[in-house]
Structures are given as structure tokens and as C-alpha cells.
$ cat coords_15.json   # JSON, C-alpha atoms
[["chain", "number", "residue", "atom", "x", "y", "z"],
["A", 29, "MET", "CA", 25.95, 5.25, 9.12],
["A", 30, "ARG", "CA", 24.38, 7.54, 6.53],
["A", 31, "SER", "CA", 21.12, 7.99, 8.40],
["A", 32, "LEU", "CA", 20.61, 11.60, 9.48],
["A", 33, "ARG", "CA", 18.86, 12.78, 12.63],
["A", 34, "HIS", "CA", 17.36, 16.24, 12.59],
["A", 35, "SER", "CA", 15.87, 17.96, 15.62],
["A", 36, "VAL", "CA", 13.61, 20.45, 13.85],
["A", 37, "LEU", "CA", 12.09, 23.45, 15.64],
["A", 38, "THR", "CA", 8.80, 22.47, 14.10],
["A", 39, "ALA", "CA", 7.89, 19.02, 12.81],
["A", 40, "TYR", "CA", 9.00, 19.66, 9.29],
["A", 41, "LEU", "CA", 10.96, 22.90, 8.92],
["A", 42, "THR", "CA", 11.09, 26.48, 10.11],
["A", 43, "LEU", "CA", 8.57, 28.63, 8.32],
["A", 44, "ALA", "CA", 11.12, 31.41, 7.96],
["A", 45, "ALA", "CA", 13.27, 29.13, 5.85],
["A", 46, "LEU", "CA", 10.43, 28.50, 3.43],
["A", 47, "SER", "CA", 9.17, 32.05, 3.25],
["A", 48, "SER", "CA", 12.28, 34.20, 3.22],
["A", 49, "ALA", "CA", 15.37, 32.27, 2.16],
["A", 50, "PRO", "CA", 16.32, 30.49, -1.05],
["A", 51, "ALA", "CA", 16.13, 26.72, -0.67],
["A", 52, "GLN", "CA", 19.69, 26.22, -1.87],
["A", 53, "ALA", "CA", 21.01, 28.39, 0.98],
["A", 54, "ILE", "CA", 19.61, 26.11, 3.67],
["A", 55, "PRO", "CA", 21.27, 22.69, 3.96],
["A", 56, "HIS", "CA", 18.23, 20.73, 5.07],
["A", 57, "PRO", "CA", 16.97, 17.59, 3.30],
["A", 58, "LEU", "CA", 13.37, 18.73, 3.60],
["A", 59, "LEU", "CA", 14.11, 21.80, 1.54],
["A", 60, "GLY", "CA", 16.23, 19.69, -0.77],
["A", 61, "LEU", "CA", 13.14, 17.62, -1.57],
["A", 62, "ILE", "CA", 11.35, 20.78, -2.67],
["A", 63, "SER", "CA", 14.21, 21.53, -5.06],
["A", 64, "HIS", "CA", 14.13, 17.93, -6.29],
["A", 65, "THR", "CA", 10.40, 18.25, -6.94],
["A", 66, "GLU", "CA", 10.84, 21.47, -8.90],
["A", 67, "TYR", "CA", 13.66, 19.94, -10.94],
["A", 68, "THR", "CA", 11.68, 16.78, -11.76],
["A", 69, "TYR", "CA", 8.57, 18.74, -12.64],
["A", 70, "GLY", "CA", 10.65, 21.07, -14.80],
["A", 71, "LYS", "CA", 11.74, 18.07, -16.86],
["A", 72, "HIS", "CA", 8.05, 17.40, -17.61],
["A", 73, "GLU", "CA", 8.09, 14.36, -15.38],
["A", 74, "SER", "CA", 5.57, 13.61, -12.64],
["A", 75, "PRO", "CA", 7.21, 13.75, -9.19],
["A", 76, "VAL", "CA", 5.28, 11.62, -6.68],
["A", 77, "ILE", "CA", 5.66, 11.99, -2.91],
["A", 78, "VAL", "CA", 4.04, 9.49, -0.56],
["A", 79, "PHE", "CA", 2.81, 10.44, 2.91],
["A", 80, "ASP", "CA", 1.48, 8.24, 5.63],
["A", 81, "ILE", "CA", -1.14, 10.08, 7.70],
["A", 82, "ASP", "CA", -1.32, 8.86, 11.31],
["A", 83, "ASP", "CA", 1.52, 10.33, 13.37],
["A", 84, "THR", "CA", 3.25, 11.41, 10.17],
["A", 85, "LEU", "CA", 0.97, 14.27, 9.12],
["A", 86, "LEU", "CA", -1.69, 14.13, 11.86],
["A", 87, "ASP", "CA", -1.18, 13.65, 15.58],
["A", 88, "THR", "CA", -3.58, 10.92, 16.74],
["A", 89, "ARG", "CA", -2.80, 11.08, 20.43],
["A", 90, "PHE", "CA", -5.55, 13.60, 21.12],
["A", 91, "ARG", "CA", -8.06, 11.11, 19.72],
["A", 92, "THR", "CA", -7.02, 8.64, 22.40],
["A", 93, "VAL", "CA", -7.20, 11.29, 25.13],
["A", 94, "ARG", "CA", -10.74, 12.22, 24.05],
["A", 95, "ILE", "CA", -11.84, 8.57, 24.24],
["A", 96, "PHE", "CA", -10.26, 8.07, 27.66],
["A", 97, "ASN", "CA", -11.93, 11.19, 29.06],
["A", 98, "GLU", "CA", -15.26, 10.14, 27.64],
["A", 99, "LEU", "CA", -15.06, 6.69, 29.22],
["A", 100, "ALA", "CA", -14.03, 8.19, 32.55],
["A", 101, "SER", "CA", -17.35, 10.05, 32.62],
["A", 102, "VAL", "CA", -19.49, 6.95, 31.94],
["A", 103, "PRO", "CA", -21.36, 6.24, 35.23],
["A", 104, "GLU", "CA", -21.13, 2.45, 34.96],
["A", 105, "PHE", "CA", -17.38, 2.56, 34.43],
["A", 106, "ARG", "CA", -16.83, 5.09, 37.22],
["A", 107, "LEU", "CA", -18.83, 2.92, 39.60],
["A", 108, "ALA", "CA", -16.95, -0.26, 38.69],
["A", 109, "TYR", "CA", -13.48, 1.30, 38.48],
["A", 110, "PRO", "CA", -13.40, 4.64, 40.36],
["A", 111, "GLU", "CA", -9.61, 4.85, 40.70],
["A", 112, "GLU", "CA", -9.02, 3.84, 37.08],
["A", 113, "ALA", "CA", -11.59, 6.41, 35.94],
["A", 114, "ARG", "CA", -9.74, 9.09, 37.87],
["A", 115, "ARG", "CA", -6.41, 8.07, 36.39],
["A", 116, "LEU", "CA", -7.83, 8.14, 32.86],
["A", 117, "THR", "CA", -8.52, 11.85, 33.26],
["A", 118, "THR", "CA", -4.87, 12.50, 34.12],
["A", 119, "ILE", "CA", -3.53, 11.16, 30.80],
["A", 120, "TRP", "CA", -2.54, 13.84, 28.30],
["A", 121, "ALA", "CA", -1.26, 13.60, 24.76],
["A", 122, "PRO", "CA", 2.53, 13.41, 25.38],
["A", 123, "GLN", "CA", 1.95, 10.36, 27.61],
["A", 124, "VAL", "CA", 0.16, 8.37, 24.90],
["A", 125, "LEU", "CA", 2.13, 5.44, 23.48],
["A", 126, "TYR", "CA", 1.43, 3.28, 20.45],
["A", 127, "SER", "CA", 0.18, 0.54, 22.75],
["A", 128, "THR", "CA", -3.02, 1.38, 24.58],
["A", 129, "GLU", "CA", -2.11, -1.09, 27.30],
["A", 130, "GLY", "CA", 1.30, 0.54, 27.64],
["A", 131, "THR", "CA", -0.30, 3.97, 27.93],
["A", 132, "LEU", "CA", -2.59, 2.76, 30.70],
["A", 133, "GLN", "CA", 0.22, 1.08, 32.60],
["A", 134, "ARG", "CA", 2.28, 4.28, 32.35],
["A", 135, "ALA", "CA", -0.65, 6.05, 34.05],
["A", 136, "GLY", "CA", -0.64, 3.52, 36.88],
["A", 137, "ILE", "CA", -3.64, 1.50, 35.69],
["A", 138, "THR", "CA", -2.82, -2.17, 36.32],
["A", 139, "ASN", "CA", -6.20, -3.80, 37.00],
["A", 140, "ALA", "CA", -6.53, -6.39, 34.23],
["A", 141, "ALA", "CA", -10.33, -6.19, 34.05],
["A", 142, "ALA", "CA", -10.26, -2.41, 33.86],
["A", 143, "ILE", "CA", -7.58, -2.46, 31.16],
["A", 144, "ALA", "CA", -9.63, -4.93, 29.11],
["A", 145, "ALA", "CA", -12.73, -2.72, 29.41],
["A", 146, "ILE", "CA", -10.79, 0.41, 28.45],
["A", 147, "VAL", "CA", -9.09, -1.21, 25.47],
["A", 148, "THR", "CA", -12.42, -2.52, 24.18],
["A", 149, "TYR", "CA", -14.04, 0.90, 24.51],
["A", 150, "TRP", "CA", -11.04, 2.55, 22.83],
["A", 151, "ARG", "CA", -10.88, 0.07, 19.94],
["A", 152, "GLU", "CA", -14.59, 0.49, 19.15],
["A", 153, "ARG", "CA", -14.11, 4.24, 18.72],
["A", 154, "PHE", "CA", -10.54, 4.98, 17.65],
["A", 155, "PHE", "CA", -10.94, 3.82, 14.05],
["A", 156, "SER", "CA", -13.99, 5.92, 13.33],
["A", 157, "ASP", "CA", -14.91, 9.10, 11.47],
["A", 158, "PHE", "CA", -16.34, 10.74, 14.58],
["A", 159, "TYR", "CA", -13.30, 10.58, 16.84],
["A", 160, "SER", "CA", -10.81, 11.34, 14.09],
["A", 161, "SER", "CA", -12.07, 14.93, 14.34],
["A", 162, "GLU", "CA", -9.73, 15.21, 17.36],
["A", 163, "ASP", "CA", -6.62, 14.80, 15.19],
["A", 164, "ILE", "CA", -4.44, 17.85, 14.72],
["A", 165, "GLN", "CA", -1.70, 18.39, 12.17],
["A", 166, "LEU", "CA", 1.91, 18.06, 13.18],
["A", 167, "PRO", "CA", 3.25, 21.63, 13.27],
["A", 168, "ASP", "CA", 3.67, 23.06, 9.77],
["A", 169, "ALA", "CA", 3.01, 19.72, 8.09],
["A", 170, "SER", "CA", 0.28, 21.20, 5.91],
["A", 171, "ARG", "CA", 2.43, 24.12, 4.86],
["A", 172, "TYR", "CA", 5.27, 21.83, 3.86],
["A", 173, "VAL", "CA", 3.06, 19.44, 1.88],
["A", 174, "ASN", "CA", 1.45, 22.40, 0.11],
["A", 175, "GLN", "CA", 4.87, 23.72, -0.79],
["A", 176, "LEU", "CA", 5.68, 20.39, -2.43],
["A", 177, "TYR", "CA", 2.32, 20.42, -4.17],
["A", 178, "ARG", "CA", 2.85, 23.92, -5.53],
["A", 179, "SER", "CA", 6.27, 22.79, -6.74],
["A", 180, "GLY", "CA", 4.58, 20.22, -8.97],
["A", 181, "ALA", "CA", 4.37, 17.12, -6.78],
["A", 182, "ILE", "CA", 1.65, 14.49, -6.97],
["A", 183, "ILE", "CA", 0.74, 13.91, -3.32],
["A", 184, "VAL", "CA", -0.25, 10.36, -2.35],
["A", 185, "TYR", "CA", -1.74, 9.81, 1.09],
["A", 186, "LEU", "CA", -1.07, 6.14, 1.80],
["A", 187, "THR", "CA", -2.72, 5.22, 5.09],
["A", 188, "GLY", "CA", -3.63, 2.10, 7.01],
["A", 189, "ARG", "CA", -6.91, 3.72, 8.05],
["A", 190, "PRO", "CA", -9.89, 1.55, 7.01],
["A", 191, "ARG", "CA", -11.89, 3.15, 4.23],
["A", 192, "GLU", "CA", -15.26, 1.89, 5.47],
["A", 193, "THR", "CA", -15.15, 3.60, 8.86],
["A", 194, "MET", "CA", -12.70, 6.49, 8.36],
["A", 195, "GLU", "CA", -12.85, 7.87, 4.83],
["A", 196, "ILE", "CA", -15.21, 10.73, 5.64],
["A", 197, "GLY", "CA", -13.31, 11.69, 8.78],
["A", 198, "THR", "CA", -9.97, 11.46, 7.01],
["A", 199, "ARG", "CA", -11.03, 13.66, 4.13],
["A", 200, "ASN", "CA", -12.53, 16.14, 6.59],
["A", 201, "ALA", "CA", -9.31, 16.24, 8.61],
["A", 202, "LEU", "CA", -7.15, 16.78, 5.54],
["A", 203, "SER", "CA", -9.47, 19.56, 4.45],
["A", 204, "ARG", "CA", -9.67, 21.12, 7.93],
["A", 205, "TRP", "CA", -5.90, 21.34, 8.14],
["A", 206, "ARG", "CA", -5.69, 22.49, 4.52],
["A", 207, "PHE", "CA", -3.65, 19.67, 3.07],
["A", 208, "PRO", "CA", -3.73, 19.49, -0.74],
["A", 209, "SER", "CA", -6.74, 17.72, -2.26],
["A", 210, "GLY", "CA", -8.27, 17.30, -5.69],
["A", 211, "PRO", "CA", -6.10, 17.12, -8.83],
["A", 212, "ARG", "CA", -2.66, 15.59, -8.39],
["A", 213, "THR", "CA", -3.59, 13.98, -5.07],
["A", 214, "ALA", "CA", -4.68, 10.46, -4.15],
["A", 215, "LEU", "CA", -6.00, 8.97, -0.91],
["A", 216, "LEU", "CA", -5.29, 5.24, -0.64],
["A", 217, "MET", "CA", -6.96, 3.51, 2.32],
["A", 218, "LYS", "CA", -7.35, -0.08, 3.50],
["A", 219, "PRO", "CA", -10.36, -1.81, 1.93],
["A", 220, "ASP", "CA", -10.61, -4.16, 4.92],
["A", 221, "ALA", "CA", -9.98, -3.09, 8.51],
["A", 222, "LYS", "CA", -8.59, -6.54, 9.34],
["A", 223, "MET", "CA", -5.89, -6.37, 6.66],
["A", 224, "ASP", "CA", -2.35, -5.92, 7.95],
["A", 225, "ASP", "CA", -1.06, -2.42, 7.19],
["A", 226, "LEU", "CA", 2.19, -3.70, 5.69],
["A", 227, "ILE", "CA", 0.38, -6.05, 3.33],
["A", 228, "PHE", "CA", -2.00, -3.29, 2.25],
["A", 229, "LYS", "CA", 0.82, -0.87, 1.57],
["A", 230, "ARG", "CA", 2.83, -3.49, -0.31],
["A", 231, "ASN", "CA", -0.20, -4.13, -2.52],
["A", 232, "ALA", "CA", -0.54, -0.40, -3.21],
["A", 233, "LEU", "CA", 2.99, 0.10, -4.51],
["A", 234, "GLU", "CA", 2.30, -0.81, -8.13],
["A", 235, "GLU", "CA", -0.67, 1.56, -8.26],
["A", 236, "ILE", "CA", 1.57, 4.31, -6.93],
["A", 237, "ALA", "CA", 4.30, 3.46, -9.44],
["A", 238, "LEU", "CA", 1.86, 4.15, -12.28],
["A", 239, "MET", "CA", 1.30, 7.71, -11.04],
["A", 240, "GLY", "CA", 4.80, 8.93, -11.87],
["A", 241, "ASN", "CA", 8.35, 9.07, -10.54],
["A", 242, "VAL", "CA", 8.33, 8.46, -6.77],
["A", 243, "ILE", "CA", 10.97, 10.81, -5.37],
["A", 244, "GLY", "CA", 10.04, 10.94, -1.68],
["A", 245, "ALA", "CA", 8.24, 9.07, 1.10],
["A", 246, "PHE", "CA", 7.34, 9.97, 4.68],
["A", 247, "GLU", "CA", 6.45, 7.36, 7.32],
["A", 248, "ASN", "CA", 6.44, 6.84, 11.07],
["A", 249, "GLU", "CA", 6.58, 3.05, 10.67],
["A", 250, "PRO", "CA", 10.10, 1.79, 9.83],
["A", 251, "ALA", "CA", 8.84, -1.37, 8.13],
["A", 252, "ASN", "CA", 6.55, 0.61, 5.84],
["A", 253, "LEU", "CA", 9.28, 3.12, 5.03],
["A", 254, "ASN", "CA", 11.73, 0.35, 4.18],
["A", 255, "LEU", "CA", 9.10, -1.23, 1.95],
["A", 256, "LEU", "CA", 8.75, 2.02, 0.01],
["A", 257, "GLY", "CA", 12.51, 2.38, -0.18],
["A", 258, "ALA", "CA", 12.97, -1.10, -1.58],
["A", 259, "ARG", "CA", 10.37, -0.55, -4.31],
["A", 260, "PHE", "CA", 11.50, 3.00, -5.11],
["A", 261, "PRO", "CA", 15.27, 2.98, -4.50],
["A", 262, "GLU", "CA", 15.77, 6.50, -5.85],
["A", 263, "ALA", "CA", 13.24, 8.03, -3.47],
["A", 264, "GLU", "CA", 14.33, 10.17, -0.54],
["A", 265, "LEU", "CA", 13.07, 8.57, 2.67],
["A", 266, "PHE", "CA", 11.97, 10.47, 5.77],
["A", 267, "PHE", "CA", 11.30, 8.72, 9.07],
["A", 268, "LEU", "CA", 9.00, 10.57, 11.49],
["A", 269, "ASP", "CA", 10.20, 9.57, 14.93],
["A", 270, "THR", "CA", 6.83, 9.87, 16.66],
["A", 271, "ILE", "CA", 5.00, 6.77, 17.88],
["A", 272, "HIS", "CA", 4.97, 3.50, 16.01],
["A", 273, "SER", "CA", 4.21, -0.19, 16.36],
["A", 274, "PRO", "CA", 6.57, -2.55, 18.22],
["A", 275, "ARG", "CA", 7.79, -4.12, 14.98],
["A", 276, "PRO", "CA", 11.56, -4.58, 15.41],
["A", 277, "ASP", "CA", 12.47, -2.90, 12.11],
["A", 278, "LEU", "CA", 14.82, 0.07, 11.93],
["A", 279, "PRO", "CA", 14.64, 2.63, 9.13],
["A", 280, "THR", "CA", 17.09, 1.98, 6.33],
["A", 281, "GLU", "CA", 20.37, 3.85, 6.69],
["A", 282, "LYS", "CA", 19.53, 6.22, 3.86],
["A", 283, "SER", "CA", 16.56, 7.58, 5.82],
["A", 284, "VAL", "CA", 16.43, 11.09, 7.21],
["A", 285, "TRP", "CA", 15.15, 11.07, 10.79],
["A", 286, "ILE", "CA", 12.76, 13.80, 11.91],
["A", 287, "ASN", "CA", 12.50, 13.81, 15.70],
["A", 288, "ARG", "CA", 9.06, 15.03, 16.70],
["A", 289, "TYR", "CA", 7.45, 13.58, 19.84]]

$ encode --input "coords_15.json" --output "C-alpha cells"
Amino acid sequence: MRSLRHSVLTAYLTLAALSSAPAQAIPHPLLGLISHTEYTYGKHESPVIVFDIDDTLLDTRFRTVRIFNELASVPEFRLAYPEEARRLTTIWAPQVLYSTEGTLQRAGITNAAAIAAIVTYWRERFFSDFYSSEDIQLPDASRYVNQLYRSGAIIVYLTGRPRETMEIGTRNALSRWRFPSGPRTALLMKPDAKMDDLIFKRNALEEIALMGNVIGAFENEPANLNLLGARFPEAELFFLDTIHSPRPDLPTEKSVWINRY
């Protein structure tokens, strides 16, 4: 199996490697992509690298924790579900799963009515500009993306976040964590919150293809990564092993695995 698993000290690479050692001296695919970018740009081509955002560049688990803590302080909820409210306050980021229901069950919350109330409250807030302010970058993600950008890459943020309710918050988060913006960047977001992420990303591939030569893609969703790999077979694929949907897909064997959470 050609798939590689890398346990990285930080999410993307050690800062010392970037700042003090020549890329060719460090046998790591992440640094190899920087060299590939420089080589492609040096040939007067346009190297394009595609990044998902949620749980690929930004850690969304703190958004969920903020929403749970907020609900736990709502008097009506505390009165109706005192034990569940208490348990909500015990959940911290490393315990958050992709499934909200799964996260609650892990915390010992099994009351069906309480779970339904919590999920409804969470869903009404999670996909919003306001709560996305809780997102933090995965360690050194910004530095790595900026290194690619300085090497000549066109950075495409391809995210299943809905544009209508999250564009402002997403742009603010990218700016706050100092990800590249402006020239040679693009933010592609879902035009309809109800659209399936995979369908949206499939529809975006031809627009991305017009931007240049896609040489790399980063995703935490195996199905999305495989979609990018099928359309851009020469691209280097990086799978962020964080949290992802229960789709049964596995990353293609050519993918580099980055173990993070």
C-alpha cells in the first residue's frame, strides 16, 4: 500500500524544518510540495493547491464546545434537563466527534428529548458567522499555506460552508489566523446550505481547473479527497486524519496521511 502515515509534531510540519533547513534535506512530502510549487512556478506555470477549511485548516471543535456551554447556561434548558446541562459543561474539544449525537452519548447524555433539543440548538448556530469566531487554526497551518503561497502557489479554499451564513465569518477567520488572501487566492463556498458537500465540490472542479495546474489538495473527508484525485490525477493528495463524516470511503492509496486529532 503506497499510502503514507505521518505523525507530525505539529499538524503540518516542524517550523524548524521550514526556517532553518533546505527542503531537499528533509524527506517529508509536505516540504516536497513546496519544492514542487517552486518548480512549477519557475516554469511560468500556475501551481494550484486546494484546501478544505473545516478540520483541515481550522479546528471546529471549539465552536461546538462554545455552543454546548452556552446552552447549558440557558435557564429553561437547565430546568428541564439539569443533569444533561451539567454534562454539557464537561465536554471539551478533544471529546468532540463529527456526529453531535455521538459526542453527547460519549459524554453520557442519553435522554432522547434532551439530545433532540441540544442538536436543534447546535444546528441553528454552528453554521453561522458568529460562532465561527471560535475556530482556531490547526498548529502551523497558516505558516505552511503561506510558505506555499510565497513559493508561487494559487491557494483555493474549497469549503462546504454555506456562503449565505458563513462568508463573513470565514473570511474573518482566515484573516485572523493570517492565511493568504487577495491575489492568487479564491474562496469557493456552497451557494445553498442544503446542497450536499460532495456535489458542490464536484461542481467546483472545472472552475478550479481553469485557474492553473492543480498540484496538491488537502482534505479531511476521504470522499472529497478522492474526488479531487480523480479529476487531477497528477496532484499530490494529503488526508488530514481529524474528524470526518461517516461516509465509508477511504483515502486513495496515493494519499499522504497527516495524523492530527

$ closest_residue --input "coords_15.json" --among "A:Leu176, A:Leu166, A:Val242, A:Ile286" --to "Gly60 in chain A" --atoms "all atoms listed in the file"
A:Leu176

$ closest_residue --input "coords_15.json" --among "A:Pro211, A:Gly240, A:Gly136, A:Gly197" --to "Ser161 in chain A" --atoms "only C-alpha atoms"
A:Gly197

$ residues_around --input "coords_15.json" --residues "Asp80 in chain A" --least-positions-apart "5" --cutoff "12 Å" --atoms "all atoms listed in the file" --output "CSV table (one decimal) with C-alpha atoms, keeping the file's coordinate frame"
chain,number,residue,atom,x,y,z
A,85,LEU,CA,1.0,14.3,9.1
A,86,LEU,CA,-1.7,14.1,11.9
A,87,ASP,CA,-1.2,13.6,15.6
A,169,ALA,CA,3.0,19.7,8.1
A,173,VAL,CA,3.1,19.4,1.9
A,183,ILE,CA,0.7,13.9,-3.3
A,184,VAL,CA,-0.2,10.4,-2.4
A,185,TYR,CA,-1.7,9.8,1.1
A,186,LEU,CA,-1.1,6.1,1.8
A,187,THR,CA,-2.7,5.2,5.1
A,188,GLY,CA,-3.6,2.1,7.0
A,189,ARG,CA,-6.9,3.7,8.0
A,198,THR,CA,-10.0,11.5,7.0
A,214,ALA,CA,-4.7,10.5,-4.2
A,215,LEU,CA,-6.0,9.0,-0.9
A,216,LEU,CA,-5.3,5.2,-0.6
A,217,MET,CA,-7.0,3.5,2.3
A,225,ASP,CA,-1.1,-2.4,7.2
A,226,LEU,CA,2.2,-3.7,5.7
A,229,LYS,CA,0.8,-0.9,1.6
A,244,GLY,CA,10.0,10.9,-1.7
A,245,ALA,CA,8.2,9.1,1.1
A,246,PHE,CA,7.3,10.0,4.7
A,247,GLU,CA,6.4,7.4,7.3
A,248,ASN,CA,6.4,6.8,11.1
A,249,GLU,CA,6.6,3.0,10.7
A,250,PRO,CA,10.1,1.8,9.8
A,252,ASN,CA,6.6,0.6,5.8
A,253,LEU,CA,9.3,3.1,5.0
A,256,LEU,CA,8.8,2.0,0.0
A,265,LEU,CA,13.1,8.6,2.7
A,266,PHE,CA,12.0,10.5,5.8
A,267,PHE,CA,11.3,8.7,9.1
A,268,LEU,CA,9.0,10.6,11.5
A,272,HIS,CA,5.0,3.5,16.0

$ residues_around --input "coords_15.json" --residues "range 131-133 of chain A" --least-positions-apart "2" --cutoff "12 Å" --atoms "all atoms listed in the file" --output "number ranges by chain"
A: 89, 92-93, 96, 112-129, 135-140, 142-147, 150, 271

$ closest_residue --input "coords_15.json" --among "A:Thr84, A:Thr280, A:Thr193, A:Ser101" --to "Ser160 in chain A" --atoms "only C-alpha atoms"
A:Thr193

$ residues_near_point --input "coords_15.json" --point "(-9.8, 20.0, 7.9)" --cutoff "12 Å" --atoms "all atoms listed in the file" --output "list in words"
Leu86, Ser160, Ser161, Glu162, Asp163, Ile164, Gln165, Ser170, Ile196, Gly197, Thr198, Arg199, Asn200, Ala201, Leu202, Ser203, Arg204, Trp205, Arg206, Phe207, Pro208 and Ser209 of chain A

$ atom_distance --input "coords_15.json" --atom1 "CA of Lys71 in chain A" --atom2 "CA of Leu233 in chain A"
23.5 Å

$ atom_distance --input "coords_15.json" --atom1 "CA of Glu73 in chain A" --atom2 "CA of Leu61 in chain A"
15.1 Å

$ atom_distance --input "coords_15.json" --atom1 "CA of Glu195 in chain A" --atom2 "CA of Asp269 in chain A"
25.2 Å

$ closest_residue --input "coords_15.json" --among "A:Ile81, A:Val102, A:Ala237, A:Ala181" --to "Thr270 in chain A" --atoms "all atoms listed in the file"
A:Ile81

$ closest_residue --input "coords_15.json" --among "A:Arg178, A:Ala251, A:Ile95, A:Val78" --to "Leu278 in chain A" --atoms "only C-alpha atoms"
A:Ala251

$ closest_residue --input "coords_15.json" --among "A:Arg94, A:Phe260, A:Pro190, A:Leu255" --to "Pro279 in chain A" --atoms "only C-alpha atoms"
A:Leu255

$ build_atoms --input "coords_15.json" --residues "range 188-204 of chain A" --atoms "N, CA and C atoms" --output "compact mmCIF listing (two decimals), in the coordinates of the input"
# COMPACT_ATOMS: atom_id res chain seq x y z
N GLY A 188 -3.01 3.34 6.55
CA GLY A 188 -3.63 2.10 7.01
C GLY A 188 -5.01 2.30 7.61
N ARG A 189 -5.54 3.50 7.55
CA ARG A 189 -6.91 3.72 8.05
C ARG A 189 -7.90 2.93 7.18
N PRO A 190 -8.90 2.29 7.80
CA PRO A 190 -9.89 1.55 7.01
C PRO A 190 -10.84 2.51 6.29
N ARG A 191 -11.04 2.27 5.02
CA ARG A 191 -11.89 3.15 4.23
C ARG A 191 -13.33 3.16 4.74
N GLU A 192 -13.84 2.00 5.12
CA GLU A 192 -15.26 1.89 5.47
C GLU A 192 -15.64 2.78 6.65
N THR A 193 -14.77 2.88 7.65
CA THR A 193 -15.15 3.60 8.86
C THR A 193 -14.44 4.95 9.03
N MET A 194 -13.48 5.27 8.13
CA MET A 194 -12.70 6.49 8.36
C MET A 194 -12.51 7.38 7.14
N GLU A 195 -13.11 7.04 6.00
CA GLU A 195 -12.85 7.87 4.83
C GLU A 195 -13.40 9.28 5.00
N ILE A 196 -14.62 9.40 5.49
CA ILE A 196 -15.21 10.73 5.64
C ILE A 196 -14.40 11.56 6.63
N GLY A 197 -14.07 10.97 7.77
CA GLY A 197 -13.31 11.69 8.78
C GLY A 197 -11.92 12.07 8.31
N THR A 198 -11.31 11.18 7.52
CA THR A 198 -9.97 11.46 7.01
C THR A 198 -9.98 12.60 6.02
N ARG A 199 -10.93 12.57 5.10
CA ARG A 199 -11.03 13.66 4.13
C ARG A 199 -11.35 14.99 4.82
N ASN A 200 -12.20 14.92 5.84
CA ASN A 200 -12.53 16.14 6.59
C ASN A 200 -11.31 16.70 7.31
N ALA A 201 -10.50 15.79 7.89
CA ALA A 201 -9.31 16.24 8.61
C ALA A 201 -8.29 16.86 7.66
N LEU A 202 -8.08 16.23 6.52
CA LEU A 202 -7.15 16.78 5.54
C LEU A 202 -7.61 18.15 5.06
N SER A 203 -8.92 18.27 4.88
CA SER A 203 -9.47 19.56 4.45
C SER A 203 -9.37 20.60 5.57
N ARG A 204 -9.69 20.19 6.80
CA ARG A 204 -9.67 21.12 7.93
C ARG A 204 -8.28 21.70 8.14
